[in-house]
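Colleague: input_11.csv is reproduced in full below (CSV, C-alpha atoms).
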```csv
chain,number,residue,atom,x,y,z
A,1,MET,CA,28.5,3.7,8.7
A,2,LEU,CA,25.8,6.2,9.8
A,3,GLY,CA,26.7,8.3,6.8
A,4,LEU,CA,26.2,5.2,4.5
A,5,VAL,CA,22.8,4.6,6.1
A,6,SER,CA,21.8,8.2,5.6
A,7,LEU,CA,23.1,8.0,2.0
A,8,PHE,CA,20.9,5.0,1.0
A,9,MET,CA,17.8,6.3,2.8
A,10,ASP,CA,18.2,9.7,1.3
A,11,LEU,CA,18.6,8.2,-2.1
A,12,SER,CA,15.3,6.5,-1.6
A,13,SER,CA,13.6,9.6,-0.2
A,14,GLU,CA,14.9,12.0,-2.7
A,15,LEU,CA,14.0,9.8,-5.6
A,16,ILE,CA,10.5,10.3,-4.4
A,17,HIS,CA,10.7,13.9,-3.3
A,18,SER,CA,12.2,15.1,-6.6
A,19,LEU,CA,9.1,13.9,-8.4
A,20,LEU,CA,6.4,14.4,-5.7
A,21,PRO,CA,5.6,18.1,-6.3
A,22,ILE,CA,5.0,17.4,-10.0
A,23,PHE,CA,3.1,14.2,-9.2
A,24,LEU,CA,0.8,16.2,-6.9
A,25,VAL,CA,0.2,19.2,-9.1
A,26,SER,CA,0.2,17.6,-12.6
A,27,GLY,CA,-0.9,14.1,-11.8
A,28,LEU,CA,-3.3,14.5,-8.9
A,29,GLY,CA,-4.5,18.1,-9.5
A,30,ALA,CA,-3.3,19.6,-6.2
A,31,SER,CA,-2.7,23.3,-5.8
A,32,VAL,CA,0.7,24.8,-5.0
A,33,LEU,CA,-0.8,25.9,-1.7
A,34,ALA,CA,-1.7,22.3,-1.0
A,35,VAL,CA,1.9,21.3,-1.8
A,36,GLY,CA,3.1,23.9,0.7
A,37,VAL,CA,0.7,22.6,3.4
A,38,ILE,CA,1.7,18.9,2.8
A,39,GLU,CA,5.4,19.7,2.8
A,40,GLY,CA,5.1,22.0,5.8
A,41,VAL,CA,3.1,19.6,7.9
A,42,ALA,CA,5.4,16.7,6.9
A,43,GLU,CA,8.7,18.5,7.7
A,44,ALA,CA,7.3,20.1,10.8
A,45,THR,CA,6.2,16.6,12.0
A,46,ALA,CA,9.7,15.2,11.6
A,47,LEU,CA,11.2,18.1,13.5
A,48,ILE,CA,8.7,18.1,16.3
A,49,VAL,CA,8.9,14.3,16.9
A,50,LYS,CA,12.6,14.7,17.5
A,51,VAL,CA,11.8,16.4,20.8
A,52,PHE,CA,10.5,13.1,22.2
A,53,SER,CA,13.0,10.8,20.4
A,54,GLY,CA,15.9,12.8,21.6
A,55,ALA,CA,14.7,12.9,25.2
A,56,ILE,CA,13.9,9.2,25.2
A,57,SER,CA,17.3,8.3,23.9
A,58,ASP,CA,18.9,10.3,26.7
A,59,ALA,CA,16.7,8.6,29.3
A,60,LEU,CA,17.6,5.1,27.9
A,61,GLY,CA,21.3,5.9,27.4
A,62,ARG,CA,20.9,4.2,24.0
A,63,ARG,CA,20.3,5.4,20.5
A,64,LYS,CA,20.3,2.4,18.0
A,65,GLY,CA,16.8,1.1,18.9
A,66,LEU,CA,15.2,4.4,18.0
A,67,LEU,CA,17.3,4.6,14.9
A,68,LEU,CA,16.0,1.2,13.8
A,69,ALA,CA,12.4,2.3,14.5
A,70,GLY,CA,12.8,5.6,12.6
A,71,TYR,CA,14.5,4.2,9.6
A,72,GLY,CA,12.2,1.2,9.5
A,73,LEU,CA,9.1,3.4,9.5
A,74,ALA,CA,10.5,5.5,6.6
A,75,ALA,CA,11.3,2.3,4.6
A,76,LEU,CA,7.8,1.0,5.1
A,77,SER,CA,6.3,4.2,3.8
A,78,LYS,CA,8.0,4.1,0.4
A,79,PRO,CA,5.5,1.7,-1.3
A,80,LEU,CA,2.6,4.0,-0.3
A,81,PHE,CA,3.7,6.8,-2.7
A,82,PRO,CA,3.2,4.9,-6.0
A,83,LEU,CA,0.0,3.4,-4.7
A,84,ALA,CA,-1.5,6.9,-3.9
A,85,HIS,CA,-4.5,8.0,-6.0
A,86,SER,CA,-5.2,11.3,-4.1
A,87,ALA,CA,-3.4,14.1,-2.4
A,88,GLY,CA,-4.7,12.8,0.9
A,89,MET,CA,-3.0,9.5,0.4
A,90,VAL,CA,0.3,11.2,-0.5
A,91,PHE,CA,-0.1,13.3,2.7
A,92,ALA,CA,-0.6,10.2,4.7
A,93,ALA,CA,2.6,8.6,3.2
A,94,ARG,CA,4.6,11.7,3.8
A,95,PHE,CA,3.3,11.9,7.3
A,96,ILE,CA,4.4,8.4,8.1
A,97,ASP,CA,7.8,8.9,6.4
A,98,ARG,CA,8.5,12.1,8.3
A,99,ILE,CA,7.5,10.5,11.7
A,100,GLY,CA,10.2,8.0,10.9
A,101,LYS,CA,12.6,10.8,10.2
A,102,GLY,CA,11.7,12.5,13.4
A,103,ILE,CA,12.2,9.3,15.5
A,104,ARG,CA,15.7,8.8,14.1
A,105,GLY,CA,17.0,12.4,13.7
A,106,ALA,CA,17.8,13.5,17.2
A,107,PRO,CA,19.2,10.1,18.4
A,108,ARG,CA,21.4,10.0,15.3
A,109,ASP,CA,22.8,13.4,15.9
A,110,ALA,CA,23.3,12.6,19.6
A,111,LEU,CA,25.1,9.4,18.6
A,112,VAL,CA,27.5,11.4,16.4
A,113,ALA,CA,28.1,13.7,19.4
A,114,ASP,CA,28.6,10.7,21.7
A,115,VAL,CA,31.4,9.2,19.7
A,116,THR,CA,33.1,12.3,18.4
A,117,PRO,CA,35.8,14.3,20.2
A,118,ALA,CA,34.8,18.0,20.6
A,119,GLU,CA,37.8,19.3,18.6
A,120,ILE,CA,36.7,17.6,15.4
A,121,ARG,CA,32.9,17.7,16.0
A,122,GLY,CA,32.2,20.2,13.2
A,123,ALA,CA,34.0,18.0,10.7
A,124,ALA,CA,32.2,14.9,12.0
A,125,PHE,CA,28.7,16.5,11.5
A,126,GLY,CA,29.9,17.8,8.1
A,127,LEU,CA,31.1,14.3,7.0
A,128,ARG,CA,27.8,12.6,7.9
A,129,GLN,CA,25.9,15.5,6.3
A,130,SER,CA,28.0,15.2,3.1
A,131,MET,CA,27.4,11.4,2.8
A,132,ASP,CA,23.7,12.0,3.4
A,133,THR,CA,23.7,14.6,0.6
A,134,VAL,CA,25.4,12.2,-1.8
A,135,GLY,CA,22.2,10.2,-1.6
A,136,ALA,CA,20.3,13.4,-2.3
A,137,ILE,CA,22.3,13.7,-5.5
A,138,LEU,CA,21.9,10.1,-6.6
A,139,GLY,CA,18.2,10.0,-5.9
A,140,PRO,CA,17.1,12.8,-8.3
A,141,GLY,CA,19.7,11.6,-10.8
A,142,LEU,CA,18.2,8.2,-10.7
A,143,ALA,CA,14.7,9.8,-11.0
A,144,VAL,CA,15.8,11.6,-14.2
A,145,VAL,CA,17.2,8.4,-15.8
A,146,LEU,CA,14.2,6.3,-14.8
A,147,MET,CA,11.7,8.9,-16.0
A,148,LEU,CA,13.5,9.0,-19.4
A,149,VAL,CA,13.1,5.2,-19.6
A,150,PHE,CA,9.6,4.6,-18.1
A,151,THR,CA,8.0,8.1,-18.4
A,152,ASP,CA,5.3,7.1,-15.9
A,153,ILE,CA,6.0,8.6,-12.4
A,154,ARG,CA,4.2,5.8,-10.6
A,155,HIS,CA,6.5,3.1,-12.1
A,156,VAL,CA,9.6,5.2,-11.2
A,157,LEU,CA,8.4,5.7,-7.5
A,158,TRP,CA,8.5,1.9,-7.0
A,159,PHE,CA,12.3,1.9,-7.4
A,160,ALA,CA,12.6,3.9,-4.1
A,161,VAL,CA,11.8,0.8,-2.1
A,162,VAL,CA,15.2,-1.0,-2.8
A,163,PRO,CA,17.7,1.6,-1.3
A,164,GLY,CA,15.4,1.9,1.7
A,165,VAL,CA,15.9,-1.8,2.4
A,166,VAL,CA,19.6,-1.5,1.9
A,167,ALA,CA,19.7,1.3,4.5
A,168,MET,CA,18.0,-0.9,7.0
A,169,GLY,CA,20.5,-3.7,6.5
A,170,LEU,CA,23.5,-1.4,7.0
A,171,LEU,CA,22.0,0.0,10.1
A,172,PHE,CA,21.2,-3.3,11.6
A,173,TRP,CA,24.5,-5.0,11.0
A,174,GLY,CA,26.9,-2.1,10.6
A,175,VAL,CA,26.2,0.4,13.3
A,176,ARG,CA,27.3,-0.3,16.9
A,177,GLU,CA,25.9,1.5,19.9
A,178,ALA,CA,28.1,3.9,21.8
A,179,ARG,CA,28.8,2.6,25.3
A,180,PRO,CA,25.7,3.5,27.3
A,181,VAL,CA,25.9,5.7,30.4
A,182,SER,CA,24.2,4.2,33.5
A,183,SER,CA,21.2,6.2,34.5
A,184,THR,CA,22.3,6.1,38.2
A,185,SER,CA,25.6,7.7,37.4
A,186,ARG,CA,24.5,10.1,34.6
A,187,LEU,CA,25.1,13.7,35.5
A,188,ALA,CA,23.6,16.8,34.0
A,189,ARG,CA,25.6,20.0,33.8
A,190,ARG,CA,24.1,23.4,34.3
A,191,PHE,CA,25.2,26.1,32.0
A,192,ASP,CA,25.8,29.8,32.7
A,193,SER,CA,25.3,32.5,30.1
A,194,SER,CA,28.7,31.9,28.6
A,195,GLY,CA,27.8,28.3,27.8
A,196,ARG,CA,30.5,26.8,30.1
A,197,GLY,CA,29.4,23.8,32.1
A,198,GLN,CA,29.1,23.6,35.9
A,199,PRO,CA,28.7,20.2,37.7
A,200,ALA,CA,25.1,19.9,38.9
A,201,VAL,CA,22.8,17.4,40.6
A,202,ASP,CA,22.1,13.9,39.4
A,203,CYS,CA,19.7,13.8,36.5
A,204,PRO,CA,17.3,10.8,36.5
A,205,PRO,CA,15.9,9.7,33.2
A,206,SER,CA,12.3,10.7,34.1
A,207,ARG,CA,13.4,14.3,34.4
A,208,LEU,CA,14.9,14.4,30.9
A,209,ILE,CA,11.5,14.5,29.1
A,210,ARG,CA,10.1,17.3,31.2
A,211,TRP,CA,9.9,20.9,30.1
A,212,SER,CA,11.7,21.9,33.3
A,213,THR,CA,14.8,20.5,31.6
A,214,ALA,CA,15.0,23.7,29.6
A,215,ARG,CA,16.4,25.4,32.8
A,216,ASP,CA,19.6,23.3,32.4
A,217,PHE,CA,20.4,24.9,29.1
A,218,GLY,CA,22.1,28.3,29.2
A,219,ALA,CA,21.8,31.5,27.1
A,220,ALA,CA,24.3,30.3,24.5
A,221,TYR,CA,22.1,27.3,23.7
A,222,TRP,CA,18.9,29.4,23.5
A,223,ARG,CA,20.6,31.9,21.2
A,224,VAL,CA,21.4,28.9,18.8
A,225,VAL,CA,17.7,27.9,19.0
A,226,ALA,CA,16.5,31.4,18.2
A,227,ILE,CA,18.9,31.7,15.2
A,228,GLY,CA,17.9,28.2,13.9
A,229,THR,CA,14.2,29.1,13.9
A,230,VAL,CA,14.7,32.3,11.9
A,231,PHE,CA,16.9,30.2,9.5
A,232,THR,CA,14.0,27.8,9.0
A,233,LEU,CA,11.6,30.7,8.1
A,234,ALA,CA,14.1,31.7,5.4
A,235,ARG,CA,14.6,28.2,4.0
A,236,PHE,CA,11.2,26.7,3.1
A,237,SER,CA,10.8,23.2,1.5
A,238,GLU,CA,12.9,22.3,-1.5
A,239,ALA,CA,9.7,21.3,-3.2
A,240,PHE,CA,9.4,24.9,-4.4
A,241,LEU,CA,12.8,24.6,-6.2
A,242,ILE,CA,11.3,21.7,-8.2
A,243,LEU,CA,8.2,23.7,-9.0
A,244,ARG,CA,10.3,26.7,-10.0
A,245,GLY,CA,12.2,24.4,-12.4
A,246,GLN,CA,8.9,23.3,-14.0
A,247,ASP,CA,7.7,26.9,-14.0
A,248,MET,CA,10.9,27.9,-16.0
A,249,GLY,CA,10.2,25.3,-18.6
A,250,LEU,CA,11.8,22.0,-17.4
A,251,SER,CA,9.8,18.9,-18.2
A,252,ALA,CA,8.7,16.4,-15.5
A,253,ALA,CA,11.7,14.2,-16.4
A,254,TRP,CA,14.3,17.0,-16.1
A,255,ALA,CA,12.9,19.0,-13.2
A,256,PRO,CA,14.8,16.9,-10.6
A,257,VAL,CA,18.0,18.3,-12.1
A,258,VAL,CA,17.4,21.4,-9.9
A,259,LEU,CA,17.8,19.1,-6.8
A,260,ILE,CA,20.8,17.4,-8.3
A,261,VAL,CA,22.6,20.7,-8.6
A,262,MET,CA,21.5,21.9,-5.2
A,263,SER,CA,22.6,18.6,-3.5
A,264,LEU,CA,25.9,18.5,-5.4
A,265,PHE,CA,27.0,21.9,-4.0
A,266,PHE,CA,25.6,20.9,-0.6
A,267,THR,CA,27.8,17.8,-0.6
A,268,LEU,CA,30.9,19.6,-1.8
A,269,SER,CA,30.6,22.3,0.8
A,270,ALA,CA,29.3,20.5,4.0
A,271,TYR,CA,32.5,18.8,5.1
A,272,PRO,CA,34.8,21.8,4.3
A,273,ALA,CA,32.4,24.2,6.1
A,274,GLY,CA,32.4,21.9,9.1
A,275,TRP,CA,36.2,21.6,9.1
A,276,LEU,CA,36.4,25.4,8.8
A,277,SER,CA,34.1,25.9,11.7
A,278,ASP,CA,36.4,23.9,13.9
A,279,ARG,CA,39.1,26.5,13.2
A,280,MET,CA,37.2,29.8,13.3
A,281,PRO,CA,34.0,31.1,15.0
A,282,ARG,CA,31.1,29.0,13.8
A,283,THR,CA,28.9,32.1,13.6
A,284,ALA,CA,31.2,33.5,10.9
A,285,VAL,CA,30.6,30.4,8.8
A,286,LEU,CA,26.9,30.6,9.5
A,287,ALA,CA,26.8,34.2,8.4
A,288,ALA,CA,28.4,33.2,5.1
A,289,GLY,CA,25.7,30.6,4.7
A,290,LEU,CA,23.0,33.3,5.1
A,291,VAL,CA,24.6,35.6,2.5
A,292,LEU,CA,24.6,32.6,0.1
A,293,LEU,CA,20.9,32.1,0.8
A,294,VAL,CA,20.0,35.7,0.1
A,295,CYS,CA,21.9,35.4,-3.2
A,296,ALA,CA,20.1,32.2,-4.0
A,297,ASP,CA,16.6,33.6,-3.3
A,298,LEU,CA,17.3,36.7,-5.4
A,299,ALA,CA,18.5,34.5,-8.4
A,300,LEU,CA,15.4,32.3,-8.1
A,301,ALA,CA,13.1,35.3,-7.9
A,302,VAL,CA,14.2,36.6,-11.3
A,303,THR,CA,11.8,35.5,-14.0
A,304,SER,CA,13.8,36.4,-17.1
A,305,GLY,CA,17.1,34.7,-16.3
A,306,GLY,CA,16.5,31.4,-18.0
A,307,ILE,CA,17.6,27.9,-17.0
A,308,TRP,CA,21.2,28.9,-16.2
A,309,LEU,CA,20.1,31.5,-13.6
A,310,LEU,CA,17.8,28.9,-12.1
A,311,LEU,CA,20.6,26.4,-11.8
A,312,ALA,CA,22.9,29.1,-10.3
A,313,GLY,CA,20.2,29.8,-7.7
A,314,ALA,CA,20.0,26.1,-6.9
A,315,ALA,CA,23.8,25.9,-6.6
A,316,LEU,CA,23.8,28.9,-4.2
A,317,TRP,CA,21.0,27.2,-2.2
A,318,GLY,CA,23.1,24.1,-1.9
A,319,LEU,CA,26.1,26.1,-0.7
A,320,HIS,CA,24.0,27.8,1.9
A,321,MET,CA,22.9,24.3,3.2
A,322,GLY,CA,26.5,23.2,3.4
A,323,PHE,CA,27.4,26.3,5.3
A,324,SER,CA,24.5,26.0,7.8
A,325,GLN,CA,23.0,22.6,8.5
A,326,GLY,CA,26.1,20.8,10.0
A,327,ILE,CA,27.2,24.1,11.7
A,328,LEU,CA,23.9,24.5,13.5
A,329,ALA,CA,24.1,20.9,14.7
A,330,ALA,CA,27.6,21.4,16.0
A,331,MET,CA,26.6,24.6,17.7
A,332,VAL,CA,23.8,22.7,19.5
A,333,ALA,CA,26.3,20.1,20.6
A,334,ASP,CA,28.8,22.7,21.7
A,335,THR,CA,26.4,24.5,24.1
A,336,THR,CA,24.6,21.6,25.8
A,337,PRO,CA,25.5,19.1,28.6
A,338,LYS,CA,27.0,15.8,27.5
A,339,ASP,CA,24.2,13.5,28.7
A,340,MET,CA,21.3,15.7,27.5
A,341,LYS,CA,22.3,16.3,23.9
A,342,GLY,CA,19.4,14.2,22.6
A,343,THR,CA,17.0,16.4,24.5
A,344,ALA,CA,18.8,19.5,23.3
A,345,PHE,CA,18.5,18.5,19.6
A,346,GLY,CA,14.9,17.7,20.2
A,347,ILE,CA,14.0,21.1,21.6
A,348,PHE,CA,16.0,22.8,18.8
A,349,ASN,CA,14.0,20.8,16.2
A,350,LEU,CA,10.7,21.5,17.9
A,351,ALA,CA,11.2,25.3,17.4
A,352,SER,CA,12.5,24.7,13.8
A,353,GLY,CA,9.5,22.4,13.1
A,354,VAL,CA,6.9,25.1,13.9
A,355,CYS,CA,8.7,27.6,11.7
A,356,MET,CA,9.1,25.0,8.9
A,357,LEU,CA,5.3,24.6,8.8
A,358,LEU,CA,4.8,28.4,8.8
A,359,ALA,CA,7.4,28.9,6.1
A,360,SER,CA,6.1,26.3,3.7
A,361,VAL,CA,2.5,27.3,4.0
A,362,LEU,CA,3.5,31.0,3.6
A,363,ALA,CA,5.6,30.1,0.5
A,364,GLY,CA,2.7,28.2,-1.0
A,365,TRP,CA,0.3,31.0,-0.3
A,366,LEU,CA,2.6,33.7,-1.8
A,367,TRP,CA,3.2,31.5,-4.9
A,368,GLN,CA,-0.5,31.0,-5.5
A,369,SER,CA,-1.4,34.6,-4.8
A,370,TRP,CA,1.5,36.6,-6.1
A,371,GLY,CA,3.6,34.2,-8.1
A,372,PRO,CA,7.0,32.4,-7.5
A,373,SER,CA,9.0,35.6,-7.4
A,374,ALA,CA,7.2,36.7,-4.2
A,375,THR,CA,8.0,33.4,-2.5
A,376,PHE,CA,11.7,33.7,-3.0
A,377,LEU,CA,11.8,37.4,-2.2
A,378,ALA,CA,10.1,36.7,1.1
A,379,GLY,CA,12.8,34.1,1.8
A,380,ALA,CA,15.5,36.6,1.1
A,381,VAL,CA,13.9,39.0,3.6
A,382,PHE,CA,13.9,36.4,6.4
A,383,ALA,CA,17.5,35.5,5.6
A,384,VAL,CA,18.5,39.1,6.1
A,385,ILE,CA,16.6,39.1,9.4
A,386,ALA,CA,18.5,36.0,10.5
A,387,LEU,CA,21.8,37.6,9.5
A,388,LEU,CA,21.0,40.6,11.7
A,389,ALA,CA,20.1,38.3,14.6
A,390,LEU,CA,23.4,36.4,14.1
A,391,GLY,CA,25.3,39.7,14.6
A,392,MET,CA,23.7,40.5,17.9
A,393,PRO,CA,26.2,40.3,20.9
A,394,ALA,CA,26.2,37.1,22.9
A,395,GLY,CA,28.3,35.3,25.5
A,396,ARG,CA,31.4,33.4,24.5
A,397,GLY,CA,32.4,29.9,25.1
A,398,ARG,CA,32.0,26.3,24.0
A,399,ALA,CA,31.0,23.3,26.1
A,400,VAL,CA,32.2,19.7,25.7
```
Once you've parsed the file, please lay out its structure as structure tokens.
Modeller:
Amino acid sequence: MLGLVSLFMDLSSELIHSLLPIFLVSGLGASVLAVGVIEGVAEATALIVKVFSGAISDALGRRKGLLLAGYGLAALSKPLFPLAHSAGMVFAARFIDRIGKGIRGAPRDALVADVTPAEIRGAAFGLRQSMDTVGAILGPGLAVVLMLVFTDIRHVLWFAVVPGVVAMGLLFWGVREARPVSSTSRLARRFDSSGRGQPAVDCPPSRLIRWSTARDFGAAYWRVVAIGTVFTLARFSEAFLILRGQDMGLSAAWAPVVLIVMSLFFTLSAYPAGWLSDRMPRTAVLAAGLVLLVCADLALAVTSGGIWLLLAGAALWGLHMGFSQGILAAMVADTTPKDMKGTAFGIFNLASGVCMLLASVLAGWLWQSWGPSATFLAGAVFAVIALLALGMPAGRGRAV
């Protein structure tokens, strides 16, 4: 049911996002650097807000209320996009939408971890991610069809309101809370460098939102955080894929096809990659994802390859997402105490959020100063750095 909620909300969001970069640049006269700043701030906001929402969900011992608040805020932001008449108004709408995503993200991931046995956790995160990405395919696909019918981007953006409302209905009536843990009996577990848990002292809710909580996470968790941040530097906003499509000659109506291809391969690979990571070291699957990202960036950097090489790059980008996003979430869940997973996901996303802002602003600056090839070549360099970091020795072990 969480997957269906994600599917409809992503359909709504991606219908907008697949047209938004073109709307900003061609319709509102914004620069590519401005697109990078807007996307960077928006995505970073979503990731940083997860710090607090995850910790609060741990303190409350409940997740659904925060999910309702987060998805509701995102749904309310959808009408603001077609009403926008300046880049500033688009920025405000994106900011509200991403605050909603930040509020719901960590509690949702923690809820998946709450109700999923450890031995199938990778597959569970992969399944939810795959359903989420089905919406990311349908959204741009619907955008293409509607653009061919209406041609006016503003008219098409209004259609995003409907699936947002459907997502809220599914969440309200279809998702049940996992059985809450009493705050008086909730125990934290301290982790040694191998990532294996040791029973520790009682952990009152007030302590879960303090930075001192970081001491309860071991070296295995912090290594996942470090790898995730470098990953984020290598994978800037997908808005640049859409702009690359337009740069290669796709019209405004057909540019969302780049996201359709990316999301299709993301969907096809996320669940198998998660299933595979339950049966072999997750780092091996993650390394494969980084190799795919390097190949994607190199394909997208080529200026003479034509549309087919552009689509091949988008497909490789989607495979990279499938081999990394659910895997990183499962690795966070593996290396953290049971009753502090919301906080753990929040801290992880704080670090990723800062890097997302840097990555998108850097991508926009490189594009505007040196051209699109420089943007994707820089992404390939960061991906290689992340691959080298992944190969560094670390302690073994998984935690439940």
Colleague: Out of A:Gly379, A:Ala270, A:Ala226, A:Leu286, which residue has the shortest atom-to-atom distance to A:Leu300 when counting only C-alpha atoms?
Modeller: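 Closest residue, counting only C-alpha atoms: A:Gly379.
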Colleague: In Å, how far is it from atom CA of A:Met262 to atom CA of A:Ile242?
Modeller: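 Pair atom CA of A:Met262 / atom CA of A:Ile242 returns 10.6 Å.
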Colleague: Report as a CSV table (one decimal) with C-alpha atoms, in the frame of the given file all protein, DNA and RNA residues lying within 10 Å of A:Val37, evaluated on all atoms listed in the file, omitting residues in the same chain fewer than 6 positions from it.
Modeller:
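Resulting contents of around-v9.csv:
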```
chain,number,residue,atom,x,y,z
A,31,SER,CA,-2.7,23.3,-5.8
A,43,GLU,CA,8.7,18.5,7.7
A,91,PHE,CA,-0.1,13.3,2.7
A,357,LEU,CA,5.3,24.6,8.8
A,358,LEU,CA,4.8,28.4,8.8
A,359,ALA,CA,7.4,28.9,6.1
A,360,SER,CA,6.1,26.3,3.7
A,361,VAL,CA,2.5,27.3,4.0
A,362,LEU,CA,3.5,31.0,3.6
A,363,ALA,CA,5.6,30.1,0.5
A,364,GLY,CA,2.7,28.2,-1.0
A,365,TRP,CA,0.3,31.0,-0.3
```
Colleague: So how many Å separate atom CA of A:Ile38 and atom CA of A:Ala386, to one decimal?
Modeller: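 Atom CA of A:Ala386 lies 25.2 Å from atom CA of A:Ile38.
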Colleague: So how many Å separate atom CA of A:Ala315 and atom CA of A:Val354, to one decimal?
Modeller: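 Pair atom CA of A:Ala315 / atom CA of A:Val354 returns 26.6 Å.
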Colleague: Show which residues sit within 12 Å of A:Val225, as a PDB file with C-alpha atoms, in the coordinates of the input. Count all atoms listed in the file, and ignore same-chain residues fewer than 2 positions away.
Modeller:
```pdb
ATOM      1  CA  ALA A 214      15.000  23.700  29.600  1.00  0.00           C
ATOM      2  CA  PHE A 217      20.400  24.900  29.100  1.00  0.00           C
ATOM      3  CA  GLY A 218      22.100  28.300  29.200  1.00  0.00           C
ATOM      4  CA  ALA A 219      21.800  31.500  27.100  1.00  0.00           C
ATOM      5  CA  ALA A 220      24.300  30.300  24.500  1.00  0.00           C
ATOM      6  CA  TYR A 221      22.100  27.300  23.700  1.00  0.00           C
ATOM      7  CA  TRP A 222      18.900  29.400  23.500  1.00  0.00           C
ATOM      8  CA  ARG A 223      20.600  31.900  21.200  1.00  0.00           C
ATOM      9  CA  ILE A 227      18.900  31.700  15.200  1.00  0.00           C
ATOM     10  CA  GLY A 228      17.900  28.200  13.900  1.00  0.00           C
ATOM     11  CA  THR A 229      14.200  29.100  13.900  1.00  0.00           C
ATOM     12  CA  VAL A 230      14.700  32.300  11.900  1.00  0.00           C
ATOM     13  CA  PHE A 231      16.900  30.200   9.500  1.00  0.00           C
ATOM     14  CA  THR A 232      14.000  27.800   9.000  1.00  0.00           C
ATOM     15  CA  LEU A 328      23.900  24.500  13.500  1.00  0.00           C
ATOM     16  CA  ALA A 329      24.100  20.900  14.700  1.00  0.00           C
ATOM     17  CA  MET A 331      26.600  24.600  17.700  1.00  0.00           C
ATOM     18  CA  VAL A 332      23.800  22.700  19.500  1.00  0.00           C
ATOM     19  CA  ALA A 333      26.300  20.100  20.600  1.00  0.00           C
ATOM     20  CA  THR A 335      26.400  24.500  24.100  1.00  0.00           C
ATOM     21  CA  THR A 336      24.600  21.600  25.800  1.00  0.00           C
ATOM     22  CA  ALA A 344      18.800  19.500  23.300  1.00  0.00           C
ATOM     23  CA  PHE A 345      18.500  18.500  19.600  1.00  0.00           C
ATOM     24  CA  GLY A 346      14.900  17.700  20.200  1.00  0.00           C
ATOM     25  CA  ILE A 347      14.000  21.100  21.600  1.00  0.00           C
ATOM     26  CA  PHE A 348      16.000  22.800  18.800  1.00  0.00           C
ATOM     27  CA  ASN A 349      14.000  20.800  16.200  1.00  0.00           C
ATOM     28  CA  LEU A 350      10.700  21.500  17.900  1.00  0.00           C
ATOM     29  CA  ALA A 351      11.200  25.300  17.400  1.00  0.00           C
ATOM     30  CA  SER A 352      12.500  24.700  13.800  1.00  0.00           C
ATOM     31  CA  GLY A 353       9.500  22.400  13.100  1.00  0.00           C
ATOM     32  CA  CYS A 355       8.700  27.600  11.700  1.00  0.00           C
ATOM     33  CA  ALA A 386      18.500  36.000  10.500  1.00  0.00           C
ATOM     34  CA  ALA A 389      20.100  38.300  14.600  1.00  0.00           C
ATOM     35  CA  LEU A 390      23.400  36.400  14.100  1.00  0.00           C
TER      36      LEU A 390
END
```
Colleague: Please list as a compact mmCIF listing (two decimals) with C-alpha atoms, keeping the file's coordinate frame every residue within 10 Å of stretch 16-22 of chain A, counting all atoms listed in the file and excluding residues in the same chain fewer than 3 positions away.
Modeller:
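Contents of part_23.txt, as written:
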```txt
# COMPACT_ATOMS: atom_id res chain seq x y z
CA ASP A 10 18.20 9.70 1.30
CA LEU A 11 18.60 8.20 -2.10
CA SER A 12 15.30 6.50 -1.60
CA SER A 13 13.60 9.60 -0.20
CA VAL A 25 0.20 19.20 -9.10
CA SER A 26 0.20 17.60 -12.60
CA GLY A 27 -0.90 14.10 -11.80
CA LEU A 28 -3.30 14.50 -8.90
CA GLY A 29 -4.50 18.10 -9.50
CA ALA A 30 -3.30 19.60 -6.20
CA SER A 31 -2.70 23.30 -5.80
CA VAL A 32 0.70 24.80 -5.00
CA ALA A 34 -1.70 22.30 -1.00
CA VAL A 35 1.90 21.30 -1.80
CA GLY A 36 3.10 23.90 0.70
CA ILE A 38 1.70 18.90 2.80
CA GLU A 39 5.40 19.70 2.80
CA LYS A 78 8.00 4.10 0.40
CA PHE A 81 3.70 6.80 -2.70
CA PRO A 82 3.20 4.90 -6.00
CA VAL A 90 0.30 11.20 -0.50
CA ARG A 94 4.60 11.70 3.80
CA ALA A 136 20.30 13.40 -2.30
CA GLY A 139 18.20 10.00 -5.90
CA PRO A 140 17.10 12.80 -8.30
CA GLY A 141 19.70 11.60 -10.80
CA ALA A 143 14.70 9.80 -11.00
CA VAL A 144 15.80 11.60 -14.20
CA MET A 147 11.70 8.90 -16.00
CA ILE A 153 6.00 8.60 -12.40
CA ARG A 154 4.20 5.80 -10.60
CA VAL A 156 9.60 5.20 -11.20
CA LEU A 157 8.40 5.70 -7.50
CA TRP A 158 8.50 1.90 -7.00
CA PHE A 159 12.30 1.90 -7.40
CA ALA A 160 12.60 3.90 -4.10
CA VAL A 161 11.80 0.80 -2.10
CA GLU A 238 12.90 22.30 -1.50
CA ALA A 239 9.70 21.30 -3.20
CA PHE A 240 9.40 24.90 -4.40
CA LEU A 241 12.80 24.60 -6.20
CA ILE A 242 11.30 21.70 -8.20
CA LEU A 243 8.20 23.70 -9.00
CA GLN A 246 8.90 23.30 -14.00
CA SER A 251 9.80 18.90 -18.20
CA ALA A 252 8.70 16.40 -15.50
CA ALA A 253 11.70 14.20 -16.40
CA TRP A 254 14.30 17.00 -16.10
CA ALA A 255 12.90 19.00 -13.20
CA PRO A 256 14.80 16.90 -10.60
CA VAL A 257 18.00 18.30 -12.10
CA VAL A 258 17.40 21.40 -9.90
CA LEU A 259 17.80 19.10 -6.80
CA ILE A 260 20.80 17.40 -8.30
```
Colleague: Applying 9 Å and all atoms listed in the file, which residues near A:Ser57 remain after dropping the ones on its own chain fewer than 2 positions away? List them as a PyMOL selection string.
Modeller: chain A and resi 52-55+59-66+106-107+110+342-343
